[in-house]
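**Q** Just one file: upload-v4.cif, with mmCIF, C-alpha atoms.
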data_protein
loop_
_atom_site.label_atom_id
_atom_site.label_comp_id
_atom_site.auth_asym_id
_atom_site.auth_seq_id
_atom_site.Cartn_x
_atom_site.Cartn_y
_atom_site.Cartn_z
CA MET A 3 47.22 28.29 67.54
CA ARG A 4 44.14 30.33 68.34
CA VAL A 5 41.60 31.85 65.95
CA THR A 6 38.48 33.95 66.37
CA VAL A 7 35.45 32.56 64.57
CA ARG A 8 32.72 34.99 63.51
CA LEU A 9 29.24 33.77 62.60
CA PHE A 10 26.40 35.85 61.19
CA ALA A 11 22.63 35.80 60.75
CA ARG A 12 21.15 32.29 60.95
CA LEU A 13 24.58 30.71 61.40
CA ARG A 14 24.99 32.84 64.51
CA ASP A 15 21.56 31.73 65.76
CA LEU A 16 22.38 28.07 65.15
CA ALA A 17 25.67 28.36 67.03
CA GLY A 18 24.16 30.47 69.80
CA SER A 19 27.03 32.95 69.52
CA GLY A 20 28.46 35.30 66.93
CA GLU A 21 32.02 35.08 68.16
CA LEU A 22 33.95 32.04 69.32
CA VAL A 23 37.60 31.56 70.13
CA ARG A 24 38.97 28.19 69.11
CA ASP A 25 42.32 26.39 69.21
CA VAL A 26 43.22 24.63 65.99
CA ALA A 27 46.19 22.53 65.01
CA THR A 28 48.83 24.05 62.72
CA PRO A 29 48.89 24.26 59.75
CA ALA A 30 45.25 25.14 59.28
CA THR A 31 42.98 26.33 56.49
CA VAL A 32 39.51 27.84 56.61
CA GLU A 33 38.25 24.35 55.88
CA THR A 34 40.08 22.95 58.94
CA VAL A 35 38.39 25.54 61.14
CA TRP A 36 34.99 24.81 59.55
CA ARG A 37 35.37 21.04 60.02
CA SER A 38 36.15 21.38 63.72
CA LEU A 39 33.20 23.75 64.13
CA VAL A 40 30.80 21.33 62.42
CA ALA A 41 32.14 18.47 64.54
CA GLU A 42 31.20 20.53 67.56
CA MET A 43 27.89 21.84 66.16
CA PRO A 44 26.55 19.49 63.45
CA ASP A 45 23.57 21.79 62.68
CA LEU A 46 25.92 24.24 60.97
CA HIS A 47 26.69 21.83 58.17
CA VAL A 48 23.55 22.82 56.20
CA TYR A 49 25.44 25.96 55.16
CA GLU A 50 28.45 24.17 53.76
CA ARG A 51 27.39 24.53 50.11
CA THR A 52 25.87 28.01 50.25
CA MET A 53 28.02 30.03 52.65
CA SER A 54 30.88 32.39 51.90
CA VAL A 55 33.97 32.68 54.06
CA ALA A 56 36.31 35.50 55.01
CA VAL A 57 39.69 35.75 56.70
CA ASN A 58 40.44 38.99 58.54
CA ALA A 59 37.40 40.67 56.94
CA ASP A 60 38.36 39.82 53.38
CA TYR A 61 36.60 37.23 51.24
CA ALA A 62 38.61 34.02 51.03
CA LYS A 63 38.43 30.44 49.81
CA MET A 64 37.97 27.36 51.96
CA SER A 65 41.54 26.42 51.05
CA ALA A 66 42.98 29.71 52.38
CA LYS A 67 45.66 29.36 55.03
CA VAL A 68 44.78 30.50 58.54
CA ASN A 69 47.37 31.91 60.93
CA ASP A 70 47.47 32.40 64.68
CA GLY A 71 45.27 35.32 65.71
CA ASP A 72 43.26 35.40 62.47
CA GLU A 73 39.54 36.14 62.37
CA VAL A 74 37.67 33.56 60.29
CA ALA A 75 34.09 34.41 59.32
CA PHE A 76 31.34 32.16 57.95
CA LEU A 77 28.60 33.99 56.08
CA PRO A 78 25.18 32.70 55.01
CA PRO A 79 23.84 33.89 51.63
CA VAL A 80 23.46 37.65 51.85
CA SER A 81 20.21 39.65 51.78
CA GLY A 82 21.14 43.31 52.04
CA GLY A 83 19.58 46.23 50.23
CA MET B 8 29.11 83.52 64.11
CA ASP B 9 31.01 80.63 62.65
CA GLN B 10 30.31 80.08 58.99
CA ASN B 11 29.24 76.50 59.71
CA GLU B 12 26.55 77.73 62.08
CA ARG B 13 24.91 80.13 59.65
CA PRO B 14 21.15 79.66 59.87
CA GLY B 15 19.85 77.67 56.95
CA SER B 16 23.24 76.33 55.95
CA VAL B 17 23.56 72.60 55.58
CA ALA B 18 26.77 71.04 56.85
CA THR B 19 27.56 68.39 54.30
CA ARG B 20 31.27 68.31 54.99
CA GLY B 21 32.24 65.05 56.55
CA VAL B 22 29.50 62.96 54.94
CA PRO B 23 31.31 59.78 53.91
CA LEU B 24 30.64 58.36 50.46
CA VAL B 25 30.49 54.84 51.90
CA ALA B 26 28.88 54.02 55.22
CA VAL B 27 27.27 51.18 57.16
CA THR B 28 25.43 52.82 60.01
CA ALA B 29 22.72 52.38 62.62
CA ASP B 30 21.68 56.02 62.15
CA PRO B 31 18.75 57.05 59.94
CA LEU B 32 19.88 57.65 56.35
CA ASP B 33 19.96 61.14 54.87
CA LEU B 34 19.54 61.12 51.10
CA LEU B 35 19.76 64.90 50.83
CA ALA B 36 23.07 65.05 52.70
CA LEU B 37 24.63 62.33 50.54
CA THR B 38 23.32 64.02 47.38
CA GLN B 39 24.75 67.36 48.46
CA GLU B 40 28.07 65.75 49.28
CA LEU B 41 28.33 64.39 45.73
CA ALA B 42 26.91 67.54 44.15
CA ALA B 43 29.38 69.73 46.05
CA SER B 44 32.15 68.62 43.68
CA ALA B 45 29.93 68.21 40.65
CA SER B 46 30.47 71.29 38.50
CA ALA B 47 31.30 69.05 35.53
CA ASP B 48 28.30 66.83 36.18
CA GLY B 49 24.95 67.32 34.53
CA ALA B 50 23.18 64.40 36.16
CA VAL B 51 22.53 63.10 39.65
CA THR B 52 20.44 59.98 40.19
CA SER B 53 19.48 58.32 43.44
CA PHE B 54 17.94 55.15 44.76
CA ALA B 55 16.41 54.52 48.18
CA GLY B 56 15.42 51.06 49.35
CA LEU B 57 12.57 51.10 51.89
CA VAL B 58 11.24 48.53 54.36
CA ARG B 59 8.06 47.10 52.82
CA ASN B 60 5.02 46.01 54.84
CA HIS B 61 4.70 42.70 53.00
CA ASN B 62 7.06 40.01 51.71
CA GLN B 63 6.26 36.68 50.07
CA GLY B 64 2.69 36.76 51.39
CA ARG B 65 3.74 37.66 54.93
CA ARG B 66 2.70 40.82 56.76
CA VAL B 67 6.01 42.32 57.84
CA SER B 68 6.18 44.05 61.24
CA TYR B 69 9.77 45.27 61.08
CA LEU B 70 13.23 44.23 59.90
CA GLU B 71 16.51 43.86 61.72
CA TYR B 72 19.61 44.27 59.56
CA GLU B 73 22.89 42.71 60.56
CA ALA B 74 26.25 43.32 58.87
CA TYR B 75 29.80 42.10 58.99
CA GLU B 76 30.77 45.74 59.00
CA PRO B 77 34.43 45.85 57.93
CA LEU B 78 33.80 43.46 55.07
CA ALA B 79 30.56 45.24 54.11
CA VAL B 80 32.44 48.54 53.79
CA ARG B 81 35.16 46.78 51.81
CA ALA B 82 32.59 45.19 49.47
CA LEU B 83 30.82 48.51 48.91
CA ASN B 84 34.15 50.10 47.96
CA LEU B 85 34.88 47.18 45.65
CA ILE B 86 31.57 47.78 43.85
CA ILE B 87 32.46 51.44 43.44
CA GLU B 88 35.75 50.37 41.83
CA GLU B 89 33.90 47.98 39.52
CA SER B 90 31.50 50.76 38.58
CA ARG B 91 34.38 53.12 37.85
CA ALA B 92 35.83 50.59 35.42
CA LEU B 93 32.47 50.34 33.64
CA TRP B 94 31.44 54.02 33.77
CA PRO B 95 34.60 56.04 34.43
CA THR B 96 32.79 59.37 34.59
CA ALA B 97 30.26 58.32 37.26
CA ARG B 98 30.86 58.96 40.98
CA LEU B 99 28.95 56.99 43.59
CA GLY B 100 27.94 57.28 47.22
CA VAL B 101 26.19 54.56 49.21
CA HIS B 102 24.95 54.28 52.79
CA HIS B 103 23.44 51.09 54.22
CA ARG B 104 21.56 51.11 57.49
CA ILE B 105 21.69 48.31 60.08
CA GLY B 106 19.77 47.54 63.26
CA ARG B 107 16.01 47.64 63.69
CA LEU B 108 14.11 49.36 60.87
CA GLU B 109 10.40 50.09 60.80
CA ILE B 110 8.08 49.94 57.79
CA GLY B 111 8.89 52.83 55.45
CA ASP B 112 12.42 53.39 56.79
CA ALA B 113 15.21 53.64 54.21
CA SER B 114 17.58 50.68 54.47
CA ILE B 115 19.89 51.85 51.68
CA ILE B 116 20.52 55.04 49.75
CA ILE B 117 22.64 55.31 46.63
CA VAL B 118 23.58 58.47 44.75
CA ALA B 119 25.39 58.65 41.42
CA ALA B 120 26.67 61.77 39.67
CA SER B 121 28.03 61.99 36.14
CA PRO B 122 28.32 64.42 33.22
CA HIS B 123 25.36 62.77 31.44
CA ARG B 124 22.34 60.87 32.75
CA GLY B 125 23.08 57.49 31.17
CA GLU B 126 26.13 56.68 33.30
CA ALA B 127 24.49 57.98 36.49
CA PHE B 128 21.40 55.80 36.06
CA ALA B 129 23.52 52.78 35.12
CA ALA B 130 25.99 53.14 38.00
CA CYS B 131 23.15 53.60 40.50
CA ARG B 132 21.38 50.46 39.27
CA TYR B 133 24.62 48.48 39.16
CA MET B 134 25.35 49.37 42.78
CA ILE B 135 22.04 48.05 44.15
CA GLU B 136 22.26 44.86 42.08
CA ARG B 137 25.80 44.17 43.32
CA VAL B 138 24.88 45.03 46.93
CA LYS B 139 22.34 42.21 46.79
CA GLN B 140 25.00 39.86 45.40
CA ILE B 141 28.13 40.42 47.48
CA VAL B 142 27.70 42.73 50.49
CA PRO B 143 27.62 40.79 53.81
CA ILE B 144 24.40 42.21 55.22
CA TRP B 145 21.35 40.17 56.26
CA LYS B 146 17.68 40.92 56.86
CA HIS B 147 15.97 39.32 59.84
CA GLU B 148 12.29 39.64 59.00
CA HIS B 149 9.78 39.86 61.82
CA PHE B 150 6.29 39.19 60.53
CA GLU B 151 2.87 38.44 61.95
CA GLY B 152 3.34 34.96 63.36
CA GLY B 153 7.09 34.57 63.38
CA ASP B 154 10.48 35.62 62.14
CA VAL B 155 12.89 34.44 59.46
CA TRP B 156 16.39 35.20 58.23
CA LEU B 157 16.22 36.10 54.54
CA GLU B 158 18.92 34.58 52.38
CA GLY B 159 19.66 35.59 48.81
CA ALA B 160 22.93 35.14 46.97
CA THR B 161 26.05 33.26 48.01
CA ALA B 162 28.49 36.16 48.09
CA ASP B 163 31.41 35.71 45.71
CA PRO B 164 33.01 38.89 44.38
CA ALA B 165 35.04 36.86 41.87
CA ASP B 166 31.93 35.39 40.24
CA GLU B 167 32.09 36.87 36.73
CA ALA B 168 28.61 35.65 35.79
CA ALA B 169 27.02 37.52 38.71
CA ARG B 170 28.93 40.67 37.82
CA GLU B 171 27.82 40.38 34.22
CA THR B 172 24.19 39.90 35.31
CA ALA B 173 24.38 43.13 37.33
CA ARG B 174 25.98 44.97 34.41
CA ARG B 175 23.31 43.75 32.01
CA ILE B 176 20.49 44.84 34.32
CA ALA B 177 22.18 48.23 34.77
CA CYS B 178 22.35 48.72 31.01
CA ALA B 179 18.85 47.43 30.21
#
Using structure tokens, write down the structure that the file contains.
**A**
Amino acid sequence: MRVTVRLFARLRDLAGSGELVRDVATPATVETVWRSLVAEMPDLHVYERTMSVAVNADYAKMSAKVNDGDEVAFLPPVSGG
Amino acid sequence: MDQNERPGSVATRGVPLVAVTADPLDLLALTQELAASASADGAVTSFAGLVRNHNQGRRVSYLEYEAYEPLAVRALNLIIEESRALWPTARLGVHHRIGRLEIGDASIIIVAASPHRGEAFAACRYMIERVKQIVPIWKHEHFEGGDVWLEGATADPADEAARETARRIACA
């Protein structure tokens, strides 16, 4: 199945793109998607303990199930305001 | 002449209570939007966050704000719901700006209206504290000599301790 990966702020800079389309094996979780991304771009792994994740623009856990066509976002610690 | 075009009238209709926008923020318009339905309210408080010319010893040139917009709007609405549970009589509006902001520009405006001042001050303060905790927006600071992404809190809306910290600050 195919998912859209969204990356923001410094994660986006590290990956060189804010939006990637990736094929992942079924069944998949957010963690599955993250692992394959880190395998491809090892620099991203520094965010593993501090980032938040979202599925289809809603906060989620690493264990959340991911379905075909979903948008999975990885978010560095926030600094709005 | 259409009533909306009357000289001196201010068209506040259509000002959303929650927005993430690249346009300059208008505190007066948001205040009027909340005040327009405020005949039972005796208090309106507001907060504006501005781009500062210094940060952690660096001379800031300008900031670029980035957002995950749909989730940012969702998180702002979630904070309004949290606030309503804490201060049921307070009504809130919040606009966050994104894109390039110069020194002195408003990056966020918050307005709270309530029958009495206590709830309005508390809800306003709670909103800015929670924005810094859970809203997916990031500052890219450009300073003399370089640039850096600022990183604060790991966003977790379910984190009770963070919510309680914001509530305590709001009630201090």
**Q** Please list as a PDB file with C-alpha atoms, keeping the file's coordinate frame every residue within 12 Å of A:Gly18, counting all atoms listed in the file and excluding residues in the same chain fewer than 6 positions away.
**A**
ATOM      1  CA  ARG A   8      32.720  34.990  63.510  1.00  0.00           C
ATOM      2  CA  LEU A   9      29.240  33.770  62.600  1.00  0.00           C
ATOM      3  CA  PHE A  10      26.400  35.850  61.190  1.00  0.00           C
ATOM      4  CA  ALA A  11      22.630  35.800  60.750  1.00  0.00           C
ATOM      5  CA  ARG A  12      21.150  32.290  60.950  1.00  0.00           C
ATOM      6  CA  MET A  43      27.890  21.840  66.160  1.00  0.00           C
ATOM      7  CA  ASP A  45      23.570  21.790  62.680  1.00  0.00           C
ATOM      8  CA  LEU A  46      25.920  24.240  60.970  1.00  0.00           C
TER       9      LEU A  46
END
**Q** Just give me the gap between atom CA of B:Tyr133 and atom CA of B:Thr172 in Å, one decimal is fine.
**A**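 If I compute the distance from atom CA of B:Tyr133 to atom CA of B:Thr172, I get 9.4 Å.
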**Q** List the spatial neighbours of B:Leu157 as number ranges by chain - criterion: any atom at most 10 Å away, all atoms listed in the file, same-chain residues fewer than 4 positions off excluded.
**A** A: 11-12, 78-82; B: 145-148
**Q** Taking only C-alpha atoms into account, find every residue of chain A that has an atom no more than 12 Å from chain B, and write it out as a VMD selection string.
**A** chain A and resid 8 to 16 20 to 21 49 to 63 73 to 83
**Q** List the residues selected by the PyMOL selection byres ((chain B and resi 122) around 12) in the file shown, writing them as a PyMOL selection string.
**A** chain B and resi 42+44-52+94-98+119-121+123-128
**Q** Assuming the chain letters and numbering stay as they are in my file, what does the PyMOL selection byres ((chain B and resi 40) around 9) actually select? List them as a PyMOL selection string.
**A** chain B and resi 19-24+35-39+41-44+100
**Q** May I have the residues at most 8 Å from (44.5, 26.2, 67.3) in the file's coordinates, counting only C-alpha atoms, as a PyMOL selection string?
**A** chain A and resi 3-5+24-28+70
**Q** Quick one: distance from atom CA of B:Cys131 to atom CA of B:Ile87 in Å, one decimal?
**A**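 So the two atoms, atom CA of B:Cys131 and atom CA of B:Ile87, lie 10.0 Å apart.
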**Q** To one decimal place in Å, what is the distance between atom CA of A:Val68 and atom CA of A:Thr31?
**A**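 It comes out at 5.0 Å.
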**Q** Could you check which of B:Gly64, B:Glu171, B:Leu99, B:Ala179 is closest to B:Ile86, using only C-alpha atoms?
**A**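 Ranking B:Gly64, B:Glu171, B:Leu99, B:Ala179 by distance to B:Ile86, first place goes to B:Leu99.
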**Q** Would you please work out which residue, of B:Ala130, B:Ile110, B:Ala26, B:Phe150, is nearest to B:Gln63 when using all atoms listed in the file?
**A**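 Under the stated criterion, the closest residue is B:Phe150.
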**Q** Please report, as AutoDock Vina command-line options, the centre and edge lengths in Å to one decimal of an axis-aligned box covering all listed atoms of stretch 41-48 of chain B with 8 Å per side.
**A**
--center_x 29.5 --center_y 67.8 --center_z 40.8 --size_x 21.2 --size_y 22.9 --size_z 26.5
